[in-house]
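Peer 1: This is the structure I have questions about; it appears just below.
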Amino acid sequence: MRRTTGRILRGIALVSTLALGATACGGSDDDSDTKAVSAADIKAALDKGGNITVWAWEPTLKTVAADFQKKYPKVKVNLVSERSGDKHYTALSNAISAGKGAPDVAQVEYFALGQYSLTKGLTDLAPYGADKLASKYTPGPWNAVSDGDKVYGLPMDSGPMALFYNKKVFDKYKIAVPTTWDEYLDAARKLHKADPKAYIANDAGDAGFTTSMLWQAGSRPYKVDGTKVGINFDDAGAKKFETVWQKLIDEKLLAPVNGWTDDWYKGLGDGTIATLATGAWMPANFSTGVPNAKGQWRAAAMPAWTKGDKASAENGGSSLTVPALAKNKELAYAFTEYANSGDGVATRVSEGAFPATKAELESADFQSKKFDYFGGQEANKIFAESAANVASDWSYLPFQAYANSIFNDTVGKAYVSNATLADGLKAWQDASVKYGEEQGFTIEK
Amino acid sequence: MSTPVTTASPAKTSSPPRLRTPRKPAPDKRRRSVLMTVLMALMVLYTVVPLIWLVINSTKTQAGLGDSNGLWFAHDFALWDNIRDTFTYHDGIFGRWLLNTLLYVVLGAGGATLLAVLGGYALAKFDFPGKRAIFAVVIGAVAVPGTALAVPTFLMFSKMGLTDTPWAVIIPSLVSPFGLYLMWVFAAEAIPTELLEAARMDGASEVRTFFQVALPLLAPGIVTVLLFTTVATWNNYFLPLIMLKDPDWYPLTLGLSAWSNQAQTIGGDVIFNLVITGSLLTIIPLIAAFLFLQKYWQSGLAAGSVKE
């Protein structure tokens, strides 16, 4: 999701994360949070009023914050929008390690939650009543924010995966929309043969995409139990992914374009990138980033690894969390609950966010929404079905942000040299193990 | 166009006056090298093409950017819409960034120039112990890139509680070792020591000597340093990037980068057309400053190069 511009910052973030770890080890165990906070306490805090600072880039929160202030006039929500992941986590890590300057509410993507919750950087929201909200959410996002009986945030959105494809291109070359990854490989060959400038997809090595693909293929490389971590890419699921993707790489069927660049948006618009397997939040980026391809694209279910299998996975998605250093935790929780579980959800969905709550996903209004961009297709039906089919036993590493930052130096080699994906994943595994051990994790091999 | 008779251009009837000396092939001592000409042409392309690209693409909508060639116009002409949208997007925050940048330039570059003038004059015209050490430090400081100092500066300012305030951008901008060095060299050449001595003999105080005798002589140098520090502050990216968090205090560089980053955010608004138009608007004041101050700084750079 990020470009090279963040390389230096990533370095700083890394240093900060180390400092963060050190602080957490040296700090005393503060158990003052464990006492329950009743709904009456939160109500009293809302009546009393105060200021809260929210660090989040999710665009729909602007309206939500305005509505929240209308409902509770004594509360002032100061929404600070960084709009870029790298800087956001650097700032958050810096504030946590400095012990001051942390916001009351922070947006944290699911893959990055572990590094904050494990170092006690976040408030456990279960005593505030968050533990009672589990049944409202789909399993993938809820599994990401909770750890046993602790809840480190409320899911804001989710990214059940779907296959977006350029119907115009598929029709032009009379290629059927693939329903399995083997068919996908065939489609890739046919398309590139018919038009050497066109590719089935772009992939120059993207950690978030690869982990999501492994997730869908049934691979479970990461096992996390507190500070005990297992990392192993050698399983049947990973093999399935390697086999198909290695062929796509070897036969040069993938456009060597990095995601999220202007080239990428251009390729999605001019038909040279014909499909995109990604999270259900993509329609918003399609309509603002690729307005010229309106009507050409459609959504479909993810291709299956074995015919008829419906397993899906998540890609992206984020939560709102309350940092342990937050000054006004009652208000912070009240806002988080309002935005991600209460009235805010409807507002956010109406502005184009993809929900993580079951009620919204299953509602007739949501499912029958016609996407003009997709030629009037009721795409939410596909996304909702995908959300229901996400396997919930996936976990990210507690240092996934670091692992993702070394992805291009390890797995990325498979895209540019003779190294294979399997070699790359092995190198990624070794580097992650080494880093985890240095950070004091117990690595189980 | 409708009446071709009246539009007979005067240029065709009378040959334009030649300003150059009459052509005589023999005394042309300047050597023409094909290689040099080609290299220069490549350099011109290298510097001008991005500018042309910027101008052309600021006339396109986001859709137009996606389906047209980068170096030619799209079917739609949206320059005026883009300029309007740039200034109104997100409650007109672009205007705020423009004002911030001006503030940083006026206080930062202006302050840096002032300090460089005072320091350069003092170092050139006064003798005091430790002068050689200062010279060594200044020369050394010219070699240290600002980027290398950014992180230590951040830590220091963080301890002082100054991060995320405009001071965190302004104060480091006040230090310009190169400006100081330039003023030093310039003052040494441009102000005859005899002139200062004459002023002192006539009973002028040091302050008065500086303002009434030295300062007018330093004017071309001051403009040169001002131009350098202005460009440096206007284009400053890395320092504000690590110092500032609140978008309300962003300079233009950081703001445009934040807009560009929106395209990499899930659910983010993709506004490459506004980023491009904003970039064009951002370089216009610098171009204007260069054109306006050109004659001053050129004479400034050449000063002292010929001993009369």
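Residues are named by chain letter and number: chains run A, B, ... in the order of the structure tokens, numbers start at 1 in each chain, and ligands are numbered from 1 in the order shown.
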What's around Asp248 of chain B at 9 Å? Count only C-alpha atoms, leave out sequence neighbours fewer than 6 positions away in its own chain, and write the answer as a PDB file with N, CA, C and O atoms, in the first residue's frame.
Peer 2:
ATOM      1  N   ILE B  93      -7.607  24.232   1.915  1.00  0.00           N
ATOM      2  CA  ILE B  93      -6.390  24.083   2.710  1.00  0.00           C
ATOM      3  C   ILE B  93      -5.141  24.432   1.902  1.00  0.00           C
ATOM      4  O   ILE B  93      -4.105  24.791   2.460  1.00  0.00           O
ATOM      5  N   ARG B  96      -4.075  27.854   2.724  1.00  0.00           N
ATOM      6  CA  ARG B  96      -3.438  27.876   4.032  1.00  0.00           C
ATOM      7  C   ARG B  96      -1.967  27.430   3.899  1.00  0.00           C
ATOM      8  O   ARG B  96      -1.068  28.020   4.480  1.00  0.00           O
ATOM      9  N   TRP B  97      -1.738  26.363   3.100  1.00  0.00           N
ATOM     10  CA  TRP B  97      -0.367  25.866   2.911  1.00  0.00           C
ATOM     11  C   TRP B  97       0.488  26.925   2.220  1.00  0.00           C
ATOM     12  O   TRP B  97       1.661  27.091   2.537  1.00  0.00           O
ATOM     13  N   ASN B 100       1.364  29.394   4.822  1.00  0.00           N
ATOM     14  CA  ASN B 100       2.394  28.814   5.689  1.00  0.00           C
ATOM     15  C   ASN B 100       3.764  28.918   5.039  1.00  0.00           C
ATOM     16  O   ASN B 100       4.744  29.312   5.665  1.00  0.00           O
TER      17      ASN B 100
END
Peer 1: What's around segment 186-195 of chain A at 12 Å? Count only C-alpha atoms, leave out sequence neighbours fewer than 4 positions away in its own chain, and write the answer as number ranges by chain.
Peer 2: A: 165-166, 169-182, 199-202, 244-245, 247-255, 271-275, 303
Peer 1: Please produce a file of the residues just selected, as a compact mmCIF listing (two decimals), in the first residue's frame, where the atoms kept are N, CA, C and O atoms.
Peer 2:
# COMPACT_ATOMS: atom_id res chain seq x y z
N TYR A 165 -12.54 -7.35 -12.54
CA TYR A 165 -12.00 -7.62 -13.89
C TYR A 165 -12.57 -6.63 -14.89
O TYR A 165 -13.68 -6.13 -14.74
N ASN A 166 -11.77 -6.35 -15.90
CA ASN A 166 -12.17 -5.42 -16.94
C ASN A 166 -12.97 -6.19 -17.99
O ASN A 166 -12.41 -6.86 -18.85
N VAL A 169 -12.21 -5.77 -21.76
CA VAL A 169 -11.05 -6.51 -22.26
C VAL A 169 -11.38 -8.00 -22.42
O VAL A 169 -11.06 -8.61 -23.44
N PHE A 170 -12.05 -8.56 -21.42
CA PHE A 170 -12.40 -9.99 -21.48
C PHE A 170 -13.34 -10.27 -22.65
O PHE A 170 -13.19 -11.28 -23.34
N ASP A 171 -14.30 -9.34 -22.87
CA ASP A 171 -15.22 -9.52 -24.00
C ASP A 171 -14.50 -9.41 -25.33
O ASP A 171 -14.75 -10.18 -26.26
N LYS A 172 -13.61 -8.43 -25.41
CA LYS A 172 -12.92 -8.16 -26.66
C LYS A 172 -12.16 -9.39 -27.14
O LYS A 172 -12.18 -9.73 -28.33
N TYR A 173 -11.49 -10.09 -26.21
CA TYR A 173 -10.70 -11.26 -26.61
C TYR A 173 -11.42 -12.57 -26.35
O TYR A 173 -10.83 -13.65 -26.41
N LYS A 174 -12.72 -12.45 -26.02
CA LYS A 174 -13.57 -13.63 -25.79
C LYS A 174 -12.94 -14.61 -24.79
O LYS A 174 -12.80 -15.81 -25.06
N ILE A 175 -12.54 -14.05 -23.67
CA ILE A 175 -11.96 -14.88 -22.62
C ILE A 175 -12.99 -14.99 -21.51
O ILE A 175 -13.62 -14.00 -21.13
N ALA A 176 -13.18 -16.22 -20.99
CA ALA A 176 -14.15 -16.42 -19.92
C ALA A 176 -13.56 -15.92 -18.60
O ALA A 176 -12.35 -16.00 -18.39
N VAL A 177 -14.42 -15.40 -17.72
CA VAL A 177 -13.96 -14.94 -16.41
C VAL A 177 -13.57 -16.15 -15.57
O VAL A 177 -14.37 -17.07 -15.40
N PRO A 178 -12.35 -16.21 -15.10
CA PRO A 178 -11.87 -17.42 -14.41
C PRO A 178 -12.56 -17.64 -13.07
O PRO A 178 -12.79 -16.69 -12.32
N THR A 179 -12.88 -18.90 -12.79
CA THR A 179 -13.46 -19.23 -11.50
C THR A 179 -12.48 -20.01 -10.63
O THR A 179 -12.71 -20.20 -9.45
N THR A 180 -11.40 -20.50 -11.23
CA THR A 180 -10.34 -21.13 -10.44
C THR A 180 -9.02 -20.47 -10.82
O THR A 180 -8.93 -19.81 -11.86
N TRP A 181 -8.01 -20.69 -10.00
CA TRP A 181 -6.72 -20.06 -10.30
C TRP A 181 -6.05 -20.72 -11.50
O TRP A 181 -5.27 -20.08 -12.20
N ASP A 182 -6.40 -21.99 -11.79
CA ASP A 182 -5.86 -22.62 -13.00
C ASP A 182 -6.44 -21.95 -14.25
O ASP A 182 -5.73 -21.69 -15.22
N TYR A 199 -1.84 -7.34 -19.64
CA TYR A 199 -1.50 -8.34 -18.64
C TYR A 199 -2.73 -8.66 -17.80
O TYR A 199 -3.59 -7.80 -17.61
N ILE A 200 -2.77 -9.88 -17.28
CA ILE A 200 -3.92 -10.27 -16.46
C ILE A 200 -3.93 -9.46 -15.16
O ILE A 200 -4.98 -9.13 -14.63
N ALA A 201 -2.74 -9.16 -14.63
CA ALA A 201 -2.67 -8.43 -13.37
C ALA A 201 -1.31 -7.77 -13.26
O ALA A 201 -0.41 -8.07 -14.04
N ASN A 202 -1.19 -6.88 -12.32
CA ASN A 202 0.12 -6.32 -12.03
C ASN A 202 0.58 -6.94 -10.72
O ASN A 202 -0.23 -7.20 -9.83
N VAL A 244 1.03 -21.76 -8.96
CA VAL A 244 0.36 -20.93 -9.96
C VAL A 244 1.12 -19.63 -10.19
O VAL A 244 1.38 -19.22 -11.33
N TRP A 245 1.51 -18.99 -9.10
CA TRP A 245 2.12 -17.65 -9.24
C TRP A 245 3.50 -17.73 -9.87
O TRP A 245 3.89 -16.84 -10.61
N LYS A 247 4.34 -19.73 -12.21
CA LYS A 247 4.14 -19.81 -13.66
C LYS A 247 3.85 -18.43 -14.23
O LYS A 247 4.35 -18.07 -15.30
N LEU A 248 3.01 -17.66 -13.52
CA LEU A 248 2.70 -16.31 -13.99
C LEU A 248 3.97 -15.46 -14.09
O LEU A 248 4.15 -14.69 -15.03
N ILE A 249 4.85 -15.64 -13.10
CA ILE A 249 6.10 -14.86 -13.11
C ILE A 249 7.01 -15.36 -14.23
O ILE A 249 7.52 -14.56 -15.02
N ASP A 250 7.21 -16.68 -14.31
CA ASP A 250 8.13 -17.26 -15.29
C ASP A 250 7.73 -16.93 -16.72
O ASP A 250 8.58 -16.67 -17.57
N GLU A 251 6.43 -16.96 -16.98
CA GLU A 251 5.98 -16.71 -18.35
C GLU A 251 5.75 -15.22 -18.60
O GLU A 251 5.15 -14.85 -19.61
N LYS A 252 6.19 -14.40 -17.64
CA LYS A 252 6.09 -12.94 -17.78
C LYS A 252 4.66 -12.49 -18.08
O LYS A 252 4.41 -11.70 -19.00
N LEU A 253 3.74 -13.00 -17.29
CA LEU A 253 2.34 -12.68 -17.51
C LEU A 253 1.82 -11.61 -16.56
O LEU A 253 0.64 -11.29 -16.56
N LEU A 254 2.73 -11.10 -15.72
CA LEU A 254 2.31 -10.06 -14.77
C LEU A 254 2.95 -8.73 -15.16
O LEU A 254 4.14 -8.67 -15.44
N ALA A 255 2.14 -7.69 -15.18
CA ALA A 255 2.68 -6.36 -15.49
C ALA A 255 3.62 -5.93 -14.36
O ALA A 255 3.24 -6.00 -13.20
N GLY A 271 -6.86 -0.63 -19.79
CA GLY A 271 -7.05 -2.03 -20.16
C GLY A 271 -5.78 -2.87 -20.19
O GLY A 271 -5.84 -4.04 -20.53
N THR A 272 -4.63 -2.31 -19.82
CA THR A 272 -3.41 -3.11 -19.83
C THR A 272 -3.26 -3.92 -18.55
O THR A 272 -2.43 -4.82 -18.49
N ILE A 273 -4.02 -3.59 -17.51
CA ILE A 273 -4.09 -4.45 -16.32
C ILE A 273 -5.55 -4.91 -16.26
O ILE A 273 -6.45 -4.10 -16.02
N ALA A 274 -5.78 -6.21 -16.49
CA ALA A 274 -7.15 -6.65 -16.75
C ALA A 274 -7.90 -7.14 -15.52
O ALA A 274 -9.12 -7.15 -15.52
N THR A 275 -7.18 -7.56 -14.47
CA THR A 275 -7.89 -7.97 -13.26
C THR A 275 -7.15 -7.46 -12.03
O THR A 275 -5.98 -7.08 -12.10
N PRO A 303 -11.29 -16.36 -7.60
CA PRO A 303 -11.09 -17.70 -8.16
C PRO A 303 -10.76 -18.67 -7.02
O PRO A 303 -10.14 -18.28 -6.03
Peer 1: Here is a test: counting only C-alpha atoms, which residue of A:Ser135, A:Thr123, A:Asn328, A:Ser341 is nearest to Leu46 of chain A?
Peer 2: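 Of A:Ser135, A:Thr123, A:Asn328, A:Ser341, the one nearest Leu46 of chain A is A:Asn328, counting only C-alpha atoms.
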Peer 1: Show me a table, sorted first by chain and then by increasing residue number, of the residues of chain A having an atom at most 8 Å from chain B, each with its shortest atom pair and the distance in Å to one decimal, counting only C-alpha atoms and written as CSV.
Peer 2:
residue,atom,partner,partner_atom,distance
A:Met1,CA,B:Gln264,CA,5.9
A:Arg2,CA,B:Gln264,CA,6.3
A:Glu58,CA,B:Gly267,CA,7.1
A:Pro59,CA,B:Gly268,CA,6.7
A:Val80,CA,B:Asp246,CA,6.8
A:Ser81,CA,B:Pro247,CA,7.6
A:Glu82,CA,B:Lys245,CA,7.4
A:Arg83,CA,B:Gln262,CA,5.9
A:Ser84,CA,B:Asn261,CA,6.0
A:Gly85,CA,B:Thr265,CA,7.8
A:Ala91,CA,B:Lys245,CA,7.9
A:Trp260,CA,B:Gln264,CA,5.0
A:Thr261,CA,B:Gln264,CA,7.4
A:Asp262,CA,B:Phe272,CA,8.0
A:Tyr265,CA,B:Gly66,CA,7.1
A:Lys266,CA,B:Gly66,CA,4.8
A:Gly269,CA,B:Gly66,CA,6.0
A:Asp270,CA,B:Asp67,CA,6.3
A:Trp281,CA,B:Gly267,CA,6.4
A:Met282,CA,B:Gly267,CA,7.1
A:Ala284,CA,B:Gly267,CA,5.3
A:Asn285,CA,B:Gly267,CA,5.6
A:Thr288,CA,B:Val270,CA,5.3
A:Gly289,CA,B:Val270,CA,4.8
A:Val290,CA,B:Ala63,CA,6.4
A:Pro291,CA,B:Ala63,CA,5.1
A:Asn292,CA,B:Ala63,CA,4.6
A:Gly316,CA,B:Ile266,CA,7.9
A:Gly352,CA,B:Gly267,CA,7.8
A:Ala353,CA,B:Gly267,CA,7.0
Peer 1: Just asking: which residues within segment 297-410 of chain A are helix (DSSP H, G or I) according to DSSP, as a count of residues only?
Peer 2: 48
Peer 1: Under the rule that only C-alpha atoms are counted, which of A:Met156, A:Leu61, A:Ile443, A:Leu125 is the nearest residue to Val108 of chain A?
Peer 2: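 Result for the nearest residue to Val108 of chain A: A:Met156.
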Peer 1: Which residues are near Asn340 of chain A? Cut-off 8 Å, only C-alpha atoms, ignore same chain within fewer than 4 positions. Put them as a list in words.
Peer 2: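 Near Asn340 of chain A, the qualifying residues are Leu154, Pro155, Met156, Leu320, Thr336, Gly344 and Val345 of chain A.
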Peer 1: Show me, as a PyMOL selection string, the residues that have an atom within 8 Å of segment 374-391 of chain A when counting only C-alpha atoms, minus same-chain residues fewer than 5 positions from it.
Peer 2: chain A and resi 138-140+159-162+215-216+280+294-301+310-314+361-362+366-369
Peer 1: For Ala339 of chain A, which residue out of A:Trp55, A:Trp394, A:Phe68, A:Tyr89 is the nearest one, using only C-alpha atoms?
Peer 2: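 Smallest separation from Ala339 of chain A among the options: A:Phe68.
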Peer 1: Could you give me, as a list in words, the residues within 9 Å of Leu214 of chain A, counting only C-alpha atoms and dropping anything in the same chain fewer than 6 positions from it?
Peer 2: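 Selected residues are Arg220, Pro221, Gly237, Ala238, Lys240, Phe241 and Ala313 of chain A.
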Peer 1: Can you tell me which residues surround Gln69 of chain A at a distance of at most 12 Å, considering only C-alpha atoms, apart from same-chain residues fewer than 6 positions away, and format the answer as a short mmCIF file (atom, residue, chain, number, x, y, z; two decimals) with all heavy atoms, in the first residue's frame?
Peer 2:
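Okay, this is what ended up in selection.cif:
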data_model
loop_
_atom_site.label_atom_id
_atom_site.label_comp_id
_atom_site.auth_asym_id
_atom_site.auth_seq_id
_atom_site.Cartn_x
_atom_site.Cartn_y
_atom_site.Cartn_z
N LEU A 46 -19.66 11.78 28.82
CA LEU A 46 -20.20 12.46 27.64
C LEU A 46 -20.94 13.73 28.03
O LEU A 46 -20.87 14.75 27.34
CB LEU A 46 -21.13 11.53 26.86
CG LEU A 46 -20.44 10.45 26.01
CD1 LEU A 46 -21.45 9.43 25.55
CD2 LEU A 46 -19.75 11.09 24.82
N ASP A 47 -21.65 13.66 29.17
CA ASP A 47 -22.39 14.84 29.62
C ASP A 47 -21.44 15.93 30.10
O ASP A 47 -21.69 17.11 29.91
CB ASP A 47 -23.35 14.45 30.76
CG ASP A 47 -24.52 13.63 30.23
OD1 ASP A 47 -24.74 13.69 29.01
OD2 ASP A 47 -25.18 12.94 31.02
N GLY A 49 -18.38 16.33 29.04
CA GLY A 49 -17.73 16.89 27.85
C GLY A 49 -16.22 16.90 27.95
O GLY A 49 -15.63 16.45 28.94
N GLY A 50 -15.58 17.43 26.91
CA GLY A 50 -14.13 17.48 26.86
C GLY A 50 -13.64 17.37 25.43
O GLY A 50 -14.45 17.33 24.49
N ASN A 51 -12.31 17.33 25.26
CA ASN A 51 -11.72 17.23 23.92
C ASN A 51 -11.11 15.86 23.72
O ASN A 51 -10.49 15.33 24.63
CB ASN A 51 -10.60 18.25 23.76
CG ASN A 51 -11.15 19.66 23.74
OD1 ASN A 51 -12.27 19.89 23.29
ND2 ASN A 51 -10.36 20.59 24.24
N ILE A 52 -11.27 15.32 22.53
CA ILE A 52 -10.49 14.13 22.18
C ILE A 52 -9.82 14.35 20.82
O ILE A 52 -10.36 15.03 19.95
CB ILE A 52 -11.33 12.82 22.15
CG1 ILE A 52 -12.57 12.98 21.27
CG2 ILE A 52 -11.68 12.36 23.53
CD1 ILE A 52 -13.26 11.66 20.99
N LYS A 62 -14.96 12.15 8.91
CA LYS A 62 -15.22 13.58 9.01
C LYS A 62 -16.69 13.84 9.33
O LYS A 62 -17.01 14.59 10.26
CB LYS A 62 -14.85 14.24 7.68
CG LYS A 62 -14.24 15.60 7.86
CD LYS A 62 -13.82 16.17 6.52
CE LYS A 62 -13.70 17.67 6.64
NZ LYS A 62 -13.52 18.30 5.34
N THR A 63 -17.57 13.20 8.57
CA THR A 63 -19.00 13.35 8.82
C THR A 63 -19.37 12.74 10.16
O THR A 63 -20.16 13.32 10.92
CB THR A 63 -19.82 12.63 7.71
OG1 THR A 63 -19.19 12.88 6.47
CG2 THR A 63 -21.23 13.11 7.69
N VAL A 75 -18.72 17.69 23.69
CA VAL A 75 -17.51 16.97 23.29
C VAL A 75 -16.96 17.57 22.01
O VAL A 75 -17.69 17.82 21.06
CB VAL A 75 -17.80 15.48 23.07
CG1 VAL A 75 -16.52 14.72 22.74
CG2 VAL A 75 -18.46 14.88 24.30
N LYS A 76 -15.65 17.83 22.02
CA LYS A 76 -15.02 18.36 20.81
C LYS A 76 -14.08 17.29 20.26
O LYS A 76 -13.19 16.81 20.96
CB LYS A 76 -14.25 19.63 21.19
CG LYS A 76 -13.33 20.17 20.13
CD LYS A 76 -14.02 21.23 19.27
CE LYS A 76 -13.07 21.80 18.22
NZ LYS A 76 -12.59 20.80 17.25
N VAL A 77 -14.34 16.89 19.00
CA VAL A 77 -13.50 15.87 18.37
C VAL A 77 -12.50 16.57 17.44
O VAL A 77 -12.90 17.26 16.49
CB VAL A 77 -14.34 14.86 17.56
CG1 VAL A 77 -13.43 13.83 16.90
CG2 VAL A 77 -15.34 14.18 18.47
N ASN A 78 -11.23 16.40 17.72
CA ASN A 78 -10.19 17.01 16.88
C ASN A 78 -9.64 15.92 15.96
O ASN A 78 -8.81 15.11 16.37
CB ASN A 78 -9.12 17.60 17.80
CG ASN A 78 -7.96 18.15 17.02
OD1 ASN A 78 -8.12 18.50 15.85
ND2 ASN A 78 -6.81 18.21 17.64
N LEU A 79 -10.12 15.92 14.73
CA LEU A 79 -9.75 14.86 13.79
C LEU A 79 -8.48 15.26 13.03
O LEU A 79 -8.49 16.20 12.26
CB LEU A 79 -10.91 14.64 12.82
CG LEU A 79 -10.82 13.46 11.87
CD1 LEU A 79 -10.79 12.15 12.61
CD2 LEU A 79 -11.99 13.48 10.91
N LEU A 331 -14.38 9.05 26.80
CA LEU A 331 -14.84 9.72 25.59
C LEU A 331 -14.29 9.02 24.35
O LEU A 331 -14.99 8.88 23.35
CB LEU A 331 -14.42 11.19 25.58
CG LEU A 331 -15.14 12.11 26.57
CD1 LEU A 331 -14.67 13.55 26.36
CD2 LEU A 331 -16.65 12.02 26.40
N ALA A 334 -16.30 6.05 23.76
CA ALA A 334 -17.64 6.44 23.29
C ALA A 334 -17.60 6.78 21.81
O ALA A 334 -18.47 6.37 21.04
CB ALA A 334 -18.15 7.62 24.11
N PHE A 335 -16.56 7.50 21.38
CA PHE A 335 -16.46 7.87 19.96
C PHE A 335 -16.23 6.63 19.09
O PHE A 335 -16.85 6.46 18.05
CB PHE A 335 -15.34 8.89 19.76
CG PHE A 335 -15.14 9.26 18.31
CD1 PHE A 335 -16.03 10.12 17.68
CD2 PHE A 335 -14.10 8.73 17.57
CE1 PHE A 335 -15.89 10.45 16.34
CE2 PHE A 335 -13.94 9.05 16.23
CZ PHE A 335 -14.84 9.91 15.61
N TYR A 338 -19.36 4.72 18.79
CA TYR A 338 -20.32 5.43 17.93
C TYR A 338 -19.96 5.23 16.45
O TYR A 338 -20.81 4.94 15.62
CB TYR A 338 -20.31 6.91 18.28
CG TYR A 338 -21.21 7.76 17.40
CD1 TYR A 338 -22.55 7.92 17.69
CD2 TYR A 338 -20.69 8.40 16.28
CE1 TYR A 338 -23.38 8.68 16.89
CE2 TYR A 338 -21.50 9.17 15.46
CZ TYR A 338 -22.85 9.31 15.77
OH TYR A 338 -23.65 10.06 14.95
N ALA A 339 -18.67 5.38 16.14
CA ALA A 339 -18.24 5.33 14.74
C ALA A 339 -18.29 3.93 14.16
O ALA A 339 -18.61 3.74 13.00
CB ALA A 339 -16.82 5.90 14.61
N GLY A 344 -22.70 5.73 13.60
CA GLY A 344 -21.68 6.11 12.63
C GLY A 344 -21.55 5.12 11.48
O GLY A 344 -21.18 5.51 10.36
#
Peer 1: With only C-alpha atoms as the atoms that count, which of B:Phe228, B:Phe210, B:Trp184, B:Phe238 lies nearest to Ala150 of chain B?
Peer 2: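 Of all the options, B:Phe238 lies closest to Ala150 of chain B.
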Peer 1: Hey, which of B:Trp249, B:Phe211, B:Phe135, B:Phe290 ends up closest to Thr224 of chain B? Count only C-alpha atoms.
Peer 2: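 Closest candidate: B:Phe290.
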